Amino acid sequence: MSKIDFQHFKIYASISHKASHTVDARENFADMIYNNVNGIKAHALALKIYNGEGCVEYTDEEVSLMSTVAERLCVPGFIDGLREQLKNNKTE
């Protein structure tokens with residue numbers, strides 16, 4: 001399980017990670033899942049992200065789905081921001 005804060009999400013603006021900006025990524029990332037992934041689990045995850053406030057706990061299965069979507073559809077700065085949160089917010 002991991003906690004991710006899509007409401008205050010850091011997106012890197014440079015490969016050196018010296019520059020970044022924090023955005024509310026909930027609606028955009030939820031829409032990405034909603035429009036590009038089939039199945040009821042994807043629907044539930046999109047709603048969970050969209051309705052989440054602050055740090056929300058996600059299962060390993062949800063994290064796997066989010067990582068797949070990010071790696072296929074997102075810019076590298078978003079992918080690195082997601083990976084950073086996953087690395088720093090792992091729960092047992």
# chains A, B, ... in the order shown; residues from 1 in each chain; ligands from 1
>>> select_by_dssp(residues="chain A", states="helix (DSSP H, G or I)", output="PyMOL selection string")
chain A and resi 26-36+40-51+60-73+76-88
>>> residues_around(residues="Gly77 of chain A", least_positions_apart="4", cutoff="9 Å", atoms="only C-alpha atoms", output="PyMOL selection string")
chain A and resi 10-15+17+20+81-82
>>> atom_distance(atom1="atom CA of Gly39 of chain A", atom2="atom CA of His8 of chain A")
27.2 Å
>>> atom_distance(atom1="atom CA of Ile40 of chain A", atom2="atom CA of Val75 of chain A")
25.7 Å
>>> residues_around(residues="Leu65 of chain A", least_positions_apart="3", cutoff="12 Å", atoms="only C-alpha atoms", output="list in words")
Phe29, Ala30, Met32, Ile33, Tyr34, Asn36, Val37, Asn38, Gly39, Lys41, Ala42, His43, Ala44, Leu45, Ala46, Tyr58, Thr59, Asp60, Glu61, Glu62, Thr68, Val69, Ala70, Glu71 and Arg72 of chain A
